[in-house]
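Next comes query_35.cif, a file with mmCIF, C-alpha atoms and all ligand atoms.
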data_query
loop_
_atom_site.label_atom_id
_atom_site.label_comp_id
_atom_site.auth_asym_id
_atom_site.auth_seq_id
_atom_site.Cartn_x
_atom_site.Cartn_y
_atom_site.Cartn_z
CA MET A 22 26.44 3.74 -20.82
CA ILE A 23 25.44 3.22 -17.19
CA ARG A 24 21.70 2.83 -16.91
CA ILE A 25 19.47 2.86 -13.83
CA GLY A 26 15.94 1.50 -13.66
CA ILE A 27 13.69 2.44 -10.74
CA ASP A 28 10.44 0.61 -10.12
CA VAL A 29 8.29 2.03 -7.33
CA GLY A 30 5.94 -0.66 -6.10
CA GLY A 31 3.31 -0.53 -3.38
CA THR A 32 5.64 -2.02 -0.77
CA PHE A 33 9.15 -1.94 -2.19
CA THR A 34 11.12 0.24 -4.56
CA ASP A 35 13.52 -1.73 -6.74
CA VAL A 36 16.54 -0.08 -8.27
CA VAL A 37 18.74 -1.79 -10.86
CA LEU A 38 21.97 -0.46 -12.28
CA LEU A 39 23.34 -1.83 -15.55
CA ASN A 40 26.82 -1.21 -16.86
CA GLU A 41 26.28 -1.80 -20.58
CA GLU A 42 29.99 -2.04 -21.36
CA SER A 43 30.78 -4.77 -18.82
CA GLY A 44 27.30 -6.28 -18.59
CA GLN A 45 27.46 -6.05 -14.78
CA ILE A 46 24.17 -5.59 -12.94
CA TRP A 47 23.50 -4.41 -9.39
CA SER A 48 20.14 -4.27 -7.68
CA VAL A 49 18.77 -2.98 -4.37
CA LYS A 50 15.37 -3.10 -2.73
CA VAL A 51 14.25 -0.38 -0.32
CA PRO A 52 10.88 0.25 1.33
CA THR A 53 8.52 2.47 -0.67
CA THR A 54 7.76 5.69 1.24
CA PRO A 55 4.03 6.26 0.57
CA ALA A 56 3.89 9.83 1.95
CA ASN A 57 6.50 10.92 -0.60
CA ARG A 58 7.66 8.15 -2.90
CA VAL A 59 10.58 10.24 -4.14
CA VAL A 60 12.25 9.74 -0.73
CA GLY A 61 12.35 5.97 -1.18
CA ALA A 62 13.41 6.27 -4.81
CA MET A 63 16.28 8.61 -3.88
CA GLU A 64 17.35 6.28 -1.07
CA GLY A 65 17.45 3.40 -3.55
CA PHE A 66 19.33 5.61 -6.00
CA LYS A 67 21.96 6.49 -3.36
CA ARG A 68 22.35 2.87 -2.31
CA ILE A 69 22.80 1.58 -5.84
CA LEU A 70 25.52 4.20 -6.41
CA GLU A 71 27.29 3.09 -3.21
CA LEU A 72 26.94 -0.57 -4.09
CA SER A 73 28.28 -0.14 -7.61
CA ALA A 74 30.88 2.48 -6.53
CA ARG A 75 29.49 4.95 -9.06
CA ARG A 76 28.82 8.66 -8.87
CA ALA A 77 25.62 10.35 -9.97
CA GLN A 78 27.41 11.95 -12.93
CA ASP A 79 28.35 8.49 -14.27
CA ILE A 80 24.69 7.72 -14.93
CA GLY A 81 23.56 8.27 -18.48
CA PHE A 82 20.00 7.04 -18.31
CA ILE A 83 17.32 6.68 -15.64
CA GLY A 84 14.20 4.70 -16.44
CA HIS A 85 11.43 5.22 -13.94
CA GLY A 86 8.57 2.77 -14.00
CA THR A 87 5.97 2.17 -11.39
CA THR A 88 3.08 -0.22 -11.25
CA MET A 89 1.28 2.39 -9.13
CA ALA A 90 1.61 5.02 -11.86
CA THR A 91 0.51 2.43 -14.39
CA ASN A 92 -2.61 1.82 -12.30
CA MET A 93 -3.35 5.54 -12.22
CA VAL A 94 -2.75 5.93 -15.96
CA VAL A 95 -4.91 2.93 -16.77
CA GLU A 96 -7.68 4.42 -14.66
CA HIS A 97 -7.01 8.00 -15.81
CA LYS A 98 -6.50 9.07 -12.23
CA GLY A 99 -3.70 10.90 -10.52
CA ALA A 100 -2.04 14.24 -10.97
CA ARG A 101 0.47 15.15 -13.66
CA THR A 102 3.82 15.00 -11.94
CA ALA A 103 7.43 15.40 -12.88
CA LEU A 104 10.69 14.77 -11.07
CA VAL A 105 13.38 17.09 -12.37
CA THR A 106 16.77 17.22 -10.75
CA THR A 107 20.06 18.75 -11.74
CA ALA A 108 22.34 18.69 -8.67
CA GLY A 109 25.27 16.40 -9.39
CA PHE A 110 23.91 15.26 -12.73
CA ARG A 111 25.22 16.01 -16.17
CA ASP A 112 23.36 15.28 -19.40
CA VAL A 113 21.03 12.80 -17.77
CA HIS A 114 18.21 11.51 -19.87
CA ILE A 115 15.19 10.80 -17.66
CA GLU A 116 12.42 8.77 -19.18
CA ARG A 117 9.15 7.78 -17.60
CA VAL A 118 8.60 4.19 -18.55
CA LEU A 119 4.98 3.14 -18.62
CA PHE A 120 5.70 -0.13 -20.33
CA PRO A 121 4.94 -2.48 -17.45
CA PRO A 122 7.94 -4.06 -15.74
CA TRP A 123 5.40 -6.77 -15.06
CA THR A 124 1.86 -7.41 -16.27
CA THR A 125 -0.99 -9.47 -14.85
CA ASP A 126 -1.08 -11.26 -18.23
CA TRP A 127 2.00 -13.12 -17.02
CA ILE A 128 0.19 -14.73 -14.09
CA THR A 129 0.04 -18.43 -14.89
CA GLU A 130 -2.99 -20.69 -14.58
CA ARG A 131 -1.36 -22.09 -11.43
CA GLY A 132 -1.03 -18.54 -10.12
CA HIS A 133 -4.73 -17.97 -10.77
CA GLU A 134 -5.57 -21.11 -8.81
CA ARG A 135 -3.36 -19.99 -5.92
CA LEU A 136 -5.00 -16.55 -5.83
CA LYS A 137 -8.44 -18.19 -5.71
CA ALA A 138 -7.29 -20.53 -2.93
CA TYR A 139 -6.17 -17.45 -1.02
CA GLY A 140 -9.61 -15.83 -1.47
CA ILE A 141 -8.59 -13.36 -4.19
CA ALA A 142 -10.32 -13.38 -7.58
CA PRO A 143 -7.68 -13.49 -10.32
CA PRO A 144 -7.53 -10.79 -12.99
CA GLY A 145 -9.25 -11.34 -16.32
CA PRO A 146 -10.96 -9.58 -19.21
CA SER A 147 -14.43 -10.36 -17.85
CA THR A 148 -16.39 -7.52 -16.24
CA THR A 149 -17.79 -10.00 -13.76
CA ALA A 150 -15.74 -11.80 -11.14
CA GLU A 151 -16.27 -15.28 -9.82
CA CYS A 152 -16.58 -15.41 -6.03
CA PRO A 153 -13.49 -17.26 -4.74
CA GLN A 154 -15.55 -18.51 -1.77
CA CYS A 155 -18.58 -20.09 -3.47
CA GLY A 156 -17.91 -19.79 -7.22
CA SER A 157 -20.97 -17.63 -7.89
CA THR A 158 -20.79 -14.98 -10.62
CA GLU A 159 -23.52 -12.97 -8.89
CA THR A 160 -20.94 -10.48 -7.66
CA GLU A 161 -20.45 -6.74 -7.73
CA GLU A 162 -17.54 -4.35 -7.47
CA VAL A 163 -17.82 -2.22 -4.34
CA SER A 164 -14.68 -0.11 -4.82
CA ARG A 165 -11.96 0.19 -7.47
CA PHE A 166 -9.44 -0.02 -4.62
CA GLY A 167 -9.01 -2.83 -2.12
CA ALA A 168 -6.32 -3.20 0.53
CA THR A 169 -3.71 -2.46 -2.14
CA PRO A 170 -4.01 -0.27 -5.26
CA CYS A 171 -3.65 -3.32 -7.55
CA LYS A 172 -6.83 -4.92 -6.24
CA ALA A 173 -10.50 -3.92 -6.31
CA GLN A 174 -12.98 -4.65 -3.54
CA TRP A 175 -15.83 -6.95 -4.55
CA ARG A 176 -18.82 -8.51 -2.83
CA CYS A 177 -20.61 -11.76 -3.56
CA LYS A 178 -24.41 -11.47 -3.74
CA SER A 179 -24.86 -15.23 -3.29
CA CYS A 180 -22.84 -15.88 -0.14
CA ALA A 181 -22.50 -12.21 0.94
CA GLU A 182 -18.74 -12.60 1.45
CA PRO A 183 -16.48 -9.68 0.54
CA PHE A 184 -13.43 -10.48 -1.58
CA GLU A 185 -10.71 -8.74 -3.51
CA ARG A 186 -10.04 -9.02 -7.20
CA PHE A 187 -6.67 -8.46 -8.79
CA LYS A 188 -7.00 -5.76 -11.44
CA CYS A 189 -5.54 -6.14 -14.92
CA HIS A 190 -2.49 -4.03 -15.57
ZN ZN A 201 -19.82 -16.21 -2.90
#
Using structure tokens, write down the structure that the file contains.
Ligand SMILES: [Zn+2]
Amino acid sequence: MIRIGIDVGGTFTDVVLLNEESGQIWSVKVPTTPANRVVGAMEGFKRILELSARRAQDIGFIGHGTTMATNMVVEHKGARTALVTTAGFRDVHIERVLFPPWTTDWITERGHERLKAYGIAPPGPSTTAECPQCGSTETEEVSRFGATPCKAQWRCKSCAEPFERFKCH
């Protein structure tokens, strides 16, 4: 079977095509189109078909995962949506994959240190965040969303500096 995996991230949409018989793998990266993320996903889909010299009807499985959707599901936000398409497809099995293609649990201790050095509080199970500027735990979450959907906006009560905290997902 020929399988395609689409991961819509905040900045880029990654599309991977796997030919299970031969074991060959192709991948493309296209910009995510925030106004309508389907546009970017379809562009990636077209490009991966060109790259692998495949036609849409050759594809037997499409797995669609997105860290953005995962964020919305985790927070119970977002509308119920479905992408259903038939043109050029035959017997395609479309599956929404919520299993994370990546999880913040995989960020190493070194990664945590680098985030802190960059002024971003690393993710963790604690409901309090340590200020990356002064180390105080007298902090508060100002907004669930920072500059990107994967981070929350926090503020330090000790040094009054704002900072972002990577959310667990
Ligand atoms: Zn501080």
Exercise for review: Identify the residues around (18.2, -1.2, 1.6) within a radius of 12 Å, measuring from only C-alpha atoms in the coordinates stated by the file, and give them as a list in words.
Suggested key: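 So the residues meeting the distance criterion are Phe33, Thr34, Asp35, Val36, Ser48, Val49, Lys50, Val51, Pro52, Thr53, Gly61, Ala62, Met63, Glu64, Gly65, Phe66, Lys67, Arg68, Ile69, Glu71 and Leu72 of chain A.
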Exercise for review: Kindly provide, as a PyMOL selection string, all nucleotide and amino acid residues lying within 7 Å of ligand ZN 201 (chain A), counting only C-alpha atoms and all ligand atoms.
Suggested key: chain A and resi 152-157+177-182
Show which residues sit within 9 Å of Asp126 in chain A, as a PDB file with C-alpha atoms, in the frame of the given file. Count only C-alpha atoms, and ignore same-chain residues fewer than 3 positions away.
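Final output, part35.pdb:
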ATOM      1  CA  TRP A 123       5.400  -6.770 -15.060  1.00  0.00           C
ATOM      2  CA  THR A 129       0.040 -18.430 -14.890  1.00  0.00           C
ATOM      3  CA  PRO A 144      -7.530 -10.790 -12.990  1.00  0.00           C
ATOM      4  CA  GLY A 145      -9.250 -11.340 -16.320  1.00  0.00           C
ATOM      5  CA  CYS A 189      -5.540  -6.140 -14.920  1.00  0.00           C
ATOM      6  CA  HIS A 190      -2.490  -4.030 -15.570  1.00  0.00           C
TER       7      HIS A 190
END
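Atom pair CA of Leu38 in chain A / CA of Lys188 in chain A: separated by 29.5 Å.
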Practice item. Considering all atoms listed in the file, return as a list in words whatever protein or nucleic-acid residues lie within 10 Å of Pro143 in chain A, sequence-local ones (same chain, fewer than 2 positions apart) excluded. Key: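 Result of the neighbour search: Thr125, Ile128, Glu130, Gly132, His133, Glu134, Arg135, Leu136, Lys137, Gly140, Ile141, Gly145, Ala150, Glu151, Pro153, Lys172, Glu185, Arg186, Phe187, Lys188 and Cys189 of chain A.
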Exercise for review: Determine, counting all atoms listed in the file, which protein, DNA and RNA residues have an atom within 12 Å of an atom of range 39-41 of chain A; residues of the same chain fewer than 2 positions away are not included. Present the result as a count of residues only.
Suggested key: 25
Practice item. For CA of Thr32 in chain A and CA of Thr54 in chain A, quote the distance in Å rounded to one decimal. Key: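 Between these atoms lies a distance of 8.2 Å.
Here CA of Arg176 in chain A stands at a distance of 23.5 Å from CA of Gly31 in chain A.
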Per-axis box centre and lengths in Å around range 166-177 of chain A, 5 Å margin per side, axis-aligned, as lines of an AutoDock Vina configuration file:
center_x = -12.1
center_y = -5.9
center_z = -3.5
size_x = 27.0
size_y = 21.7
size_z = 18.1
N, CA and C atoms for range 22-47 of chain A, written as an mmCIF file, in the coordinates of the input, could you do that?
data_model
loop_
_atom_site.group_PDB
_atom_site.id
_atom_site.type_symbol
_atom_site.label_atom_id
_atom_site.label_comp_id
_atom_site.auth_asym_id
_atom_site.auth_seq_id
_atom_site.Cartn_x
_atom_site.Cartn_y
_atom_site.Cartn_z
ATOM 1 N N MET A 22 27.238 2.863 -21.666
ATOM 2 C CA MET A 22 26.440 3.740 -20.820
ATOM 3 C C MET A 22 26.046 3.001 -19.534
ATOM 4 N N ILE A 23 25.947 3.777 -18.446
ATOM 5 C CA ILE A 23 25.440 3.220 -17.190
ATOM 6 C C ILE A 23 23.963 3.593 -17.094
ATOM 7 N N ARG A 24 23.129 2.594 -16.969
ATOM 8 C CA ARG A 24 21.700 2.830 -16.910
ATOM 9 C C ARG A 24 21.142 2.430 -15.552
ATOM 10 N N ILE A 25 20.144 3.191 -15.084
ATOM 11 C CA ILE A 25 19.470 2.860 -13.830
ATOM 12 C C ILE A 25 17.976 2.726 -14.114
ATOM 13 N N GLY A 26 17.390 1.684 -13.579
ATOM 14 C CA GLY A 26 15.940 1.500 -13.660
ATOM 15 C C GLY A 26 15.360 1.527 -12.259
ATOM 16 N N ILE A 27 14.343 2.338 -12.053
ATOM 17 C CA ILE A 27 13.690 2.440 -10.740
ATOM 18 C C ILE A 27 12.238 2.010 -10.885
ATOM 19 N N ASP A 28 11.844 1.033 -10.099
ATOM 20 C CA ASP A 28 10.440 0.610 -10.120
ATOM 21 C C ASP A 28 9.847 0.806 -8.734
ATOM 22 N N VAL A 29 8.920 1.738 -8.617
ATOM 23 C CA VAL A 29 8.290 2.030 -7.330
ATOM 24 C C VAL A 29 7.040 1.178 -7.194
ATOM 25 N N GLY A 30 7.097 0.186 -6.337
ATOM 26 C CA GLY A 30 5.940 -0.660 -6.100
ATOM 27 C C GLY A 30 5.192 -0.222 -4.858
ATOM 28 N N GLY A 31 4.108 -0.895 -4.542
ATOM 29 C CA GLY A 31 3.310 -0.530 -3.380
ATOM 30 C C GLY A 31 4.049 -0.709 -2.074
ATOM 31 N N THR A 32 4.924 -1.713 -2.003
ATOM 32 C CA THR A 32 5.640 -2.020 -0.770
ATOM 33 C C THR A 32 7.137 -1.723 -0.892
ATOM 34 N N PHE A 33 7.708 -2.127 -2.018
ATOM 35 C CA PHE A 33 9.150 -1.940 -2.190
ATOM 36 C C PHE A 33 9.463 -1.155 -3.464
ATOM 37 N N THR A 34 10.575 -0.448 -3.390
ATOM 38 C CA THR A 34 11.120 0.240 -4.560
ATOM 39 C C THR A 34 12.372 -0.515 -4.981
ATOM 40 N N ASP A 35 12.371 -0.987 -6.211
ATOM 41 C CA ASP A 35 13.520 -1.730 -6.740
ATOM 42 C C ASP A 35 14.337 -0.824 -7.639
ATOM 43 N N VAL A 36 15.648 -0.875 -7.432
ATOM 44 C CA VAL A 36 16.540 -0.080 -8.270
ATOM 45 C C VAL A 36 17.597 -1.010 -8.860
ATOM 46 N N VAL A 37 17.765 -0.941 -10.159
ATOM 47 C CA VAL A 37 18.740 -1.790 -10.860
ATOM 48 C C VAL A 37 19.686 -0.886 -11.624
ATOM 49 N N LEU A 38 20.968 -1.195 -11.522
ATOM 50 C CA LEU A 38 21.970 -0.460 -12.280
ATOM 51 C C LEU A 38 22.633 -1.415 -13.258
ATOM 52 N N LEU A 39 22.716 -1.002 -14.508
ATOM 53 C CA LEU A 39 23.340 -1.830 -15.550
ATOM 54 C C LEU A 39 24.503 -1.074 -16.153
ATOM 55 N N ASN A 40 25.664 -1.728 -16.136
ATOM 56 C CA ASN A 40 26.820 -1.210 -16.860
ATOM 57 C C ASN A 40 26.827 -1.904 -18.220
ATOM 58 N N GLU A 41 26.428 -1.172 -19.258
ATOM 59 C CA GLU A 41 26.280 -1.800 -20.580
ATOM 60 C C GLU A 41 27.600 -2.310 -21.139
ATOM 61 N N GLU A 42 28.694 -1.613 -20.811
ATOM 62 C CA GLU A 42 29.990 -2.040 -21.360
ATOM 63 C C GLU A 42 30.413 -3.393 -20.787
ATOM 64 N N SER A 43 30.310 -3.530 -19.465
ATOM 65 C CA SER A 43 30.780 -4.770 -18.820
ATOM 66 C C SER A 43 29.673 -5.805 -18.671
ATOM 67 N N GLY A 44 28.422 -5.358 -18.783
ATOM 68 C CA GLY A 44 27.300 -6.280 -18.590
ATOM 69 C C GLY A 44 26.982 -6.526 -17.127
ATOM 70 N N GLN A 45 27.712 -5.846 -16.218
ATOM 71 C CA GLN A 45 27.460 -6.050 -14.780
ATOM 72 C C GLN A 45 26.145 -5.403 -14.366
ATOM 73 N N ILE A 46 25.463 -6.071 -13.435
ATOM 74 C CA ILE A 46 24.170 -5.590 -12.940
ATOM 75 C C ILE A 46 24.186 -5.578 -11.414
ATOM 76 N N TRP A 47 23.693 -4.489 -10.844
ATOM 77 C CA TRP A 47 23.500 -4.410 -9.390
ATOM 78 C C TRP A 47 22.030 -4.120 -9.138
#
